[in-house]
file input11.pdb (PDB, C-alpha atoms)
ATOM      1  CA  ALA A   6     134.583 -58.439 171.994  1.00  0.00           C
ATOM      2  CA  GLY A   7     131.160 -56.817 171.854  1.00  0.00           C
ATOM      3  CA  ASP A   8     131.677 -55.023 175.162  1.00  0.00           C
ATOM      4  CA  VAL A   9     135.135 -53.812 174.127  1.00  0.00           C
ATOM      5  CA  LEU A  10     133.779 -52.591 170.785  1.00  0.00           C
ATOM      6  CA  ALA A  11     130.983 -50.648 172.496  1.00  0.00           C
ATOM      7  CA  CYS A  12     133.365 -49.149 175.075  1.00  0.00           C
ATOM      8  CA  TRP A  13     136.000 -48.152 172.517  1.00  0.00           C
ATOM      9  CA  ARG A  14     133.363 -46.568 170.287  1.00  0.00           C
ATOM     10  CA  GLU A  15     132.049 -44.570 173.238  1.00  0.00           C
ATOM     11  CA  VAL A  16     135.462 -43.490 174.546  1.00  0.00           C
ATOM     12  CA  LEU A  17     137.407 -43.144 171.273  1.00  0.00           C
ATOM     13  CA  GLY A  18     134.631 -42.471 168.765  1.00  0.00           C
ATOM     14  CA  GLU A  19     135.534 -38.824 168.195  1.00  0.00           C
ATOM     15  CA  GLN A  20     139.239 -39.497 167.693  1.00  0.00           C
ATOM     16  CA  MET A  21     139.322 -42.912 166.038  1.00  0.00           C
ATOM     17  CA  TRP A  22     137.416 -45.081 163.619  1.00  0.00           C
ATOM     18  CA  VAL A  23     136.487 -48.204 165.611  1.00  0.00           C
ATOM     19  CA  ALA A  24     135.119 -51.377 164.050  1.00  0.00           C
ATOM     20  CA  GLY A  25     134.766 -55.069 164.700  1.00  0.00           C
ATOM     21  CA  ARG A  26     136.973 -57.399 162.638  1.00  0.00           C
ATOM     22  CA  ASP A  27     134.293 -58.421 160.114  1.00  0.00           C
ATOM     23  CA  GLU A  28     133.028 -54.856 159.779  1.00  0.00           C
ATOM     24  CA  ALA A  29     136.543 -53.548 159.084  1.00  0.00           C
ATOM     25  CA  ILE A  30     137.209 -56.284 156.520  1.00  0.00           C
ATOM     26  CA  GLU A  31     133.938 -55.636 154.694  1.00  0.00           C
ATOM     27  CA  ALA A  32     134.617 -51.883 154.735  1.00  0.00           C
ATOM     28  CA  GLY A  33     137.905 -52.470 152.913  1.00  0.00           C
ATOM     29  CA  TRP A  34     140.337 -51.605 155.690  1.00  0.00           C
ATOM     30  CA  PHE A  35     142.494 -54.580 154.653  1.00  0.00           C
ATOM     31  CA  GLY A  36     141.963 -54.571 150.886  1.00  0.00           C
ATOM     32  CA  ARG A  37     139.174 -53.871 148.439  1.00  0.00           C
ATOM     33  CA  PRO A  38     135.695 -53.768 150.007  1.00  0.00           C
ATOM     34  CA  GLY A  39     133.875 -57.062 149.639  1.00  0.00           C
ATOM     35  CA  ASP A  40     137.013 -59.055 148.722  1.00  0.00           C
ATOM     36  CA  GLY A  41     137.550 -60.348 152.256  1.00  0.00           C
ATOM     37  CA  VAL A  42     140.967 -61.451 153.465  1.00  0.00           C
ATOM     38  CA  ASP A  43     142.899 -64.703 153.409  1.00  0.00           C
ATOM     39  CA  GLU A  44     142.178 -66.914 156.435  1.00  0.00           C
ATOM     40  CA  ARG A  45     145.807 -66.751 157.581  1.00  0.00           C
ATOM     41  CA  VAL A  46     145.489 -62.957 157.671  1.00  0.00           C
ATOM     42  CA  ARG A  47     142.061 -62.958 159.332  1.00  0.00           C
ATOM     43  CA  GLY A  48     143.559 -64.690 162.379  1.00  0.00           C
ATOM     44  CA  ARG A  49     146.013 -61.831 162.873  1.00  0.00           C
ATOM     45  CA  ILE A  50     143.357 -59.108 162.900  1.00  0.00           C
ATOM     46  CA  GLY A  51     142.031 -58.248 166.340  1.00  0.00           C
ATOM     47  CA  ASP A  52     138.413 -58.647 167.371  1.00  0.00           C
ATOM     48  CA  VAL A  53     138.265 -54.843 167.583  1.00  0.00           C
ATOM     49  CA  VAL A  54     140.225 -52.543 165.273  1.00  0.00           C
ATOM     50  CA  ALA A  55     140.853 -48.830 165.824  1.00  0.00           C
ATOM     51  CA  ALA A  56     142.397 -46.379 163.354  1.00  0.00           C
ATOM     52  CA  ALA A  57     143.300 -42.823 164.336  1.00  0.00           C
ATOM     53  CA  ARG A  58     141.470 -39.815 162.891  1.00  0.00           C
ATOM     54  CA  ASP A  59     143.694 -37.416 164.819  1.00  0.00           C
ATOM     55  CA  ASP A  60     147.186 -37.276 166.291  1.00  0.00           C
ATOM     56  CA  ILE A  61     146.543 -40.082 168.777  1.00  0.00           C
ATOM     57  CA  ALA A  62     147.678 -43.653 169.350  1.00  0.00           C
ATOM     58  CA  ILE A  63     146.743 -46.580 171.556  1.00  0.00           C
ATOM     59  CA  VAL A  64     149.732 -48.263 173.152  1.00  0.00           C
ATOM     60  CA  ALA A  65     150.166 -51.223 175.481  1.00  0.00           C
ATOM     61  CA  SER A  66     152.895 -49.669 177.609  1.00  0.00           C
ATOM     62  CA  ARG A  67     152.853 -52.399 180.254  1.00  0.00           C
ATOM     63  CA  THR A  68     152.898 -55.419 177.962  1.00  0.00           C
ATOM     64  CA  GLU A  69     154.793 -53.878 175.012  1.00  0.00           C
ATOM     65  CA  PRO A  70     157.126 -51.264 176.553  1.00  0.00           C
ATOM     66  CA  ASN A  71     159.635 -51.228 173.670  1.00  0.00           C
ATOM     67  CA  GLU A  72     157.008 -50.872 170.953  1.00  0.00           C
ATOM     68  CA  SER A  73     155.134 -48.254 172.971  1.00  0.00           C
ATOM     69  CA  ALA A  74     158.271 -46.132 173.322  1.00  0.00           C
ATOM     70  CA  MET A  75     158.711 -45.793 169.552  1.00  0.00           C
ATOM     71  CA  VAL A  76     158.361 -42.277 168.205  1.00  0.00           C
ATOM     72  CA  GLY A  77     156.714 -43.231 164.915  1.00  0.00           C
ATOM     73  CA  LEU A  78     153.510 -45.232 164.748  1.00  0.00           C
ATOM     74  CA  HIS A  79     151.723 -46.205 161.551  1.00  0.00           C
ATOM     75  CA  GLY A  80     148.475 -47.632 160.395  1.00  0.00           C
ATOM     76  CA  SER A  81     145.674 -45.150 159.973  1.00  0.00           C
ATOM     77  CA  MET A  82     143.595 -43.996 157.030  1.00  0.00           C
ATOM     78  CA  THR A  83     144.377 -40.289 157.221  1.00  0.00           C
ATOM     79  CA  PRO A  84     146.107 -38.535 154.307  1.00  0.00           C
ATOM     80  CA  VAL A  85     149.266 -38.010 156.388  1.00  0.00           C
ATOM     81  CA  GLU A  86     149.519 -41.805 156.817  1.00  0.00           C
ATOM     82  CA  GLN A  87     148.606 -42.779 153.269  1.00  0.00           C
ATOM     83  CA  LEU A  88     150.201 -40.063 151.166  1.00  0.00           C
ATOM     84  CA  VAL A  89     153.834 -40.541 152.106  1.00  0.00           C
ATOM     85  CA  PRO A  90     156.103 -38.929 149.507  1.00  0.00           C
ATOM     86  CA  LEU A  91     158.548 -41.120 147.653  1.00  0.00           C
ATOM     87  CA  LEU A  92     161.949 -39.772 146.694  1.00  0.00           C
ATOM     88  CA  GLU A  93     163.646 -41.698 143.926  1.00  0.00           C
ATOM     89  CA  VAL A  94     167.286 -41.155 143.127  1.00  0.00           C
ATOM     90  CA  ARG A  95     168.717 -42.567 139.906  1.00  0.00           C
ATOM     91  CA  THR A  96     172.406 -42.601 139.170  1.00  0.00           C
TER      92      THR A  96
END
call {"tool": "encode", "arguments": {"input": "input11.pdb", "output": "structure tokens"}}
result
Amino acid sequence: AGDVLACWREVLGEQMWVAGRDEAIEAGWFGRPGDGVDERVRGRIGDVVAAARDDIAIVASRTEPNESAMVGLHGSMTPVEQLVPLLEVRT
């Protein structure tokens, strides 16, 4: 995990925020900073986490061909990802 973290930071550092699991949790990527996460959630978070700063994505095209072919990907901390407009229609 340490080698992957160092490599991803070097290769992706300009285009993505890259953090280890504990670092990302403490920084509040998965809830309020310092609150931690439930143990059942912690096990689902990768050893290394990357979130896009730009129009970029990491895909596993060989092992996840269907998911990688999707047009829309989600999960970053940019305004375009977080500030999705809501349209409410009342009748």
call {"tool": "resolve_selection", "arguments": {"input": "input11.pdb", "expression": "the PyMOL selection byres ((chain A and resi 54) around 9)", "output": "PyMOL selection string"}}
result
chain A and resi 10+22-26+29+50-53+55-56
call {"tool": "closest_residue", "arguments": {"input": "input11.pdb", "among": "A:Val16, A:Val42, A:Gly48, A:Asp60", "to": "Thr83 (chain A)", "atoms": "only C-alpha atoms"}}
result
A:Asp60
call {"tool": "residues_around", "arguments": {"input": "input11.pdb", "residues": "Glu19 (chain A)", "least_positions_apart": "5", "cutoff": "9 Å", "atoms": "all atoms listed in the file", "output": "list of chain:residue names"}}
result
A:Arg14, A:Arg58, A:Asp59
call {"tool": "resolve_selection", "arguments": {"input": "input11.pdb", "expression": "the PyMOL selection byres ((chain A and resi 82) around 10)", "output": "list of chain:residue names"}}
result
A:Trp22, A:Trp34, A:Ala56, A:Ala57, A:Arg58, A:His79, A:Gly80, A:Ser81, A:Thr83, A:Pro84, A:Val85, A:Glu86, A:Gln87, A:Leu88
call {"tool": "write_last_selection", "arguments": {"input": "input11.pdb", "atoms": "C-alpha atoms", "output": "PDB file, keeping the file's coordinate frame"}}
result
ATOM      1  CA  TRP A  22     137.416 -45.081 163.619  1.00  0.00           C
ATOM      2  CA  TRP A  34     140.337 -51.605 155.690  1.00  0.00           C
ATOM      3  CA  ALA A  56     142.397 -46.379 163.354  1.00  0.00           C
ATOM      4  CA  ALA A  57     143.300 -42.823 164.336  1.00  0.00           C
ATOM      5  CA  ARG A  58     141.470 -39.815 162.891  1.00  0.00           C
ATOM      6  CA  HIS A  79     151.723 -46.205 161.551  1.00  0.00           C
ATOM      7  CA  GLY A  80     148.475 -47.632 160.395  1.00  0.00           C
ATOM      8  CA  SER A  81     145.674 -45.150 159.973  1.00  0.00           C
ATOM      9  CA  THR A  83     144.377 -40.289 157.221  1.00  0.00           C
ATOM     10  CA  PRO A  84     146.107 -38.535 154.307  1.00  0.00           C
ATOM     11  CA  VAL A  85     149.266 -38.010 156.388  1.00  0.00           C
ATOM     12  CA  GLU A  86     149.519 -41.805 156.817  1.00  0.00           C
ATOM     13  CA  GLN A  87     148.606 -42.779 153.269  1.00  0.00           C
ATOM     14  CA  LEU A  88     150.201 -40.063 151.166  1.00  0.00           C
TER      15      LEU A  88
END
call {"tool": "atom_distance", "arguments": {"input": "input11.pdb", "atom1": "CA of Ala11 (chain A)", "atom2": "CA of Ile63 (chain A)"}}
result
16.3 Å
call {"tool": "axis_aligned_box", "arguments": {"input": "input11.pdb", "around": "region 38-54 of chain A", "padding_each_side": "8 Å", "output": "JSON"}}
result
{"center_x": 139.9, "center_y": -59.7, "center_z": 158.2, "size_x": 28.1, "size_y": 30.4, "size_z": 34.9}
call {"tool": "atom_distance", "arguments": {"input": "input11.pdb", "atom1": "CA of Arg47 (chain A)", "atom2": "CA of Asp8 (chain A)"}}
result
20.5 Å
call {"tool": "atom_distance", "arguments": {"input": "input11.pdb", "atom1": "CA of Asp43 (chain A)", "atom2": "CA of Val9 (chain A)"}}
result
24.7 Å
call {"tool": "build_atoms", "arguments": {"input": "input11.pdb", "residues": "region 20-44 of chain A", "atoms": "N, CA, C and O atoms", "output": "mmCIF file, keeping the file's coordinate frame"}}
result
data_model
loop_
_atom_site.group_PDB
_atom_site.id
_atom_site.type_symbol
_atom_site.label_atom_id
_atom_site.label_comp_id
_atom_site.auth_asym_id
_atom_site.auth_seq_id
_atom_site.Cartn_x
_atom_site.Cartn_y
_atom_site.Cartn_z
ATOM 1 N N GLN A 20 137.841 -39.575 168.110
ATOM 2 C CA GLN A 20 139.239 -39.497 167.693
ATOM 3 C C GLN A 20 139.699 -40.662 166.826
ATOM 4 O O GLN A 20 140.754 -40.593 166.216
ATOM 5 N N MET A 21 138.915 -41.730 166.791
ATOM 6 C CA MET A 21 139.322 -42.912 166.038
ATOM 7 C C MET A 21 138.124 -43.549 165.346
ATOM 8 O O MET A 21 137.001 -43.439 165.817
ATOM 9 N N TRP A 22 138.406 -44.202 164.227
ATOM 10 C CA TRP A 22 137.416 -45.081 163.619
ATOM 11 C C TRP A 22 137.540 -46.401 164.368
ATOM 12 O O TRP A 22 138.647 -46.937 164.507
ATOM 13 N N VAL A 23 136.460 -46.952 164.851
ATOM 14 C CA VAL A 23 136.487 -48.204 165.611
ATOM 15 C C VAL A 23 135.500 -49.164 164.962
ATOM 16 O O VAL A 23 134.355 -48.815 164.695
ATOM 17 N N ALA A 24 135.968 -50.383 164.714
ATOM 18 C CA ALA A 24 135.119 -51.377 164.050
ATOM 19 C C ALA A 24 135.457 -52.769 164.564
ATOM 20 O O ALA A 24 136.575 -53.027 165.014
ATOM 21 N N GLY A 25 134.495 -53.663 164.456
ATOM 22 C CA GLY A 25 134.766 -55.069 164.700
ATOM 23 C C GLY A 25 135.523 -55.639 163.509
ATOM 24 O O GLY A 25 135.548 -55.053 162.423
ATOM 25 N N ARG A 26 136.152 -56.782 163.691
ATOM 26 C CA ARG A 26 136.973 -57.399 162.638
ATOM 27 C C ARG A 26 136.211 -57.541 161.324
ATOM 28 O O ARG A 26 136.661 -57.070 160.276
ATOM 29 N N ASP A 27 135.044 -58.185 161.353
ATOM 30 C CA ASP A 27 134.293 -58.421 160.114
ATOM 31 C C ASP A 27 133.853 -57.116 159.470
ATOM 32 O O ASP A 27 133.889 -56.979 158.245
ATOM 33 N N GLU A 28 133.445 -56.168 160.287
ATOM 34 C CA GLU A 28 133.028 -54.856 159.779
ATOM 35 C C GLU A 28 134.189 -54.150 159.073
ATOM 36 O O GLU A 28 134.021 -53.590 157.984
ATOM 37 N N ALA A 29 135.364 -54.185 159.678
ATOM 38 C CA ALA A 29 136.543 -53.548 159.084
ATOM 39 C C ALA A 29 136.946 -54.227 157.770
ATOM 40 O O ALA A 29 137.297 -53.561 156.800
ATOM 41 N N ILE A 30 136.872 -55.547 157.742
ATOM 42 C CA ILE A 30 137.209 -56.284 156.520
ATOM 43 C C ILE A 30 136.237 -55.927 155.405
ATOM 44 O O ILE A 30 136.639 -55.616 154.283
ATOM 45 N N GLU A 31 134.949 -55.954 155.704
ATOM 46 C CA GLU A 31 133.938 -55.636 154.694
ATOM 47 C C GLU A 31 134.029 -54.187 154.219
ATOM 48 O O GLU A 31 133.701 -53.891 153.072
ATOM 49 N N ALA A 32 134.487 -53.295 155.103
ATOM 50 C CA ALA A 32 134.617 -51.883 154.735
ATOM 51 C C ALA A 32 135.866 -51.623 153.888
ATOM 52 O O ALA A 32 136.050 -50.523 153.378
ATOM 53 N N GLY A 33 136.720 -52.634 153.746
ATOM 54 C CA GLY A 33 137.905 -52.470 152.913
ATOM 55 C C GLY A 33 139.131 -51.963 153.635
ATOM 56 O O GLY A 33 140.073 -51.495 152.999
ATOM 57 N N TRP A 34 139.160 -52.066 154.943
ATOM 58 C CA TRP A 34 140.337 -51.605 155.690
ATOM 59 C C TRP A 34 141.565 -52.448 155.386
ATOM 60 O O TRP A 34 142.683 -52.002 155.579
ATOM 61 N N PHE A 35 141.374 -53.670 154.901
ATOM 62 C CA PHE A 35 142.494 -54.580 154.653
ATOM 63 C C PHE A 35 142.537 -55.042 153.204
ATOM 64 O O PHE A 35 143.042 -56.106 152.887
ATOM 65 N N GLY A 36 142.010 -54.232 152.305
ATOM 66 C CA GLY A 36 141.963 -54.571 150.886
ATOM 67 C C GLY A 36 140.683 -54.016 150.302
ATOM 68 O O GLY A 36 139.958 -53.265 150.944
ATOM 69 N N ARG A 37 140.371 -54.390 149.099
ATOM 70 C CA ARG A 37 139.174 -53.871 148.439
ATOM 71 C C ARG A 37 137.906 -54.318 149.166
ATOM 72 O O ARG A 37 137.810 -55.483 149.563
ATOM 73 N N PRO A 38 136.947 -53.410 149.335
ATOM 74 C CA PRO A 38 135.695 -53.768 150.007
ATOM 75 C C PRO A 38 135.024 -54.961 149.339
ATOM 76 O O PRO A 38 134.957 -55.048 148.127
ATOM 77 N N GLY A 39 134.576 -55.894 150.154
ATOM 78 C CA GLY A 39 133.875 -57.062 149.639
ATOM 79 C C GLY A 39 134.775 -58.214 149.243
ATOM 80 O O GLY A 39 134.297 -59.325 149.041
ATOM 81 N N ASP A 40 136.099 -57.981 149.118
ATOM 82 C CA ASP A 40 137.013 -59.055 148.722
ATOM 83 C C ASP A 40 137.350 -59.992 149.873
ATOM 84 O O ASP A 40 137.823 -61.098 149.647
ATOM 85 N N GLY A 41 137.158 -59.535 151.116
ATOM 86 C CA GLY A 41 137.550 -60.348 152.256
ATOM 87 C C GLY A 41 139.058 -60.395 152.402
ATOM 88 O O GLY A 41 139.785 -59.659 151.729
ATOM 89 N N VAL A 42 139.526 -61.261 153.273
ATOM 90 C CA VAL A 42 140.967 -61.451 153.465
ATOM 91 C C VAL A 42 141.248 -62.943 153.562
ATOM 92 O O VAL A 42 140.366 -63.746 153.892
ATOM 93 N N ASP A 43 142.462 -63.321 153.291
ATOM 94 C CA ASP A 43 142.899 -64.703 153.409
ATOM 95 C C ASP A 43 142.739 -65.150 154.863
ATOM 96 O O ASP A 43 142.941 -64.376 155.781
ATOM 97 N N GLU A 44 142.400 -66.395 155.081
ATOM 98 C CA GLU A 44 142.178 -66.914 156.435
ATOM 99 C C GLU A 44 143.411 -66.766 157.327
ATOM 100 O O GLU A 44 143.289 -66.515 158.513
#
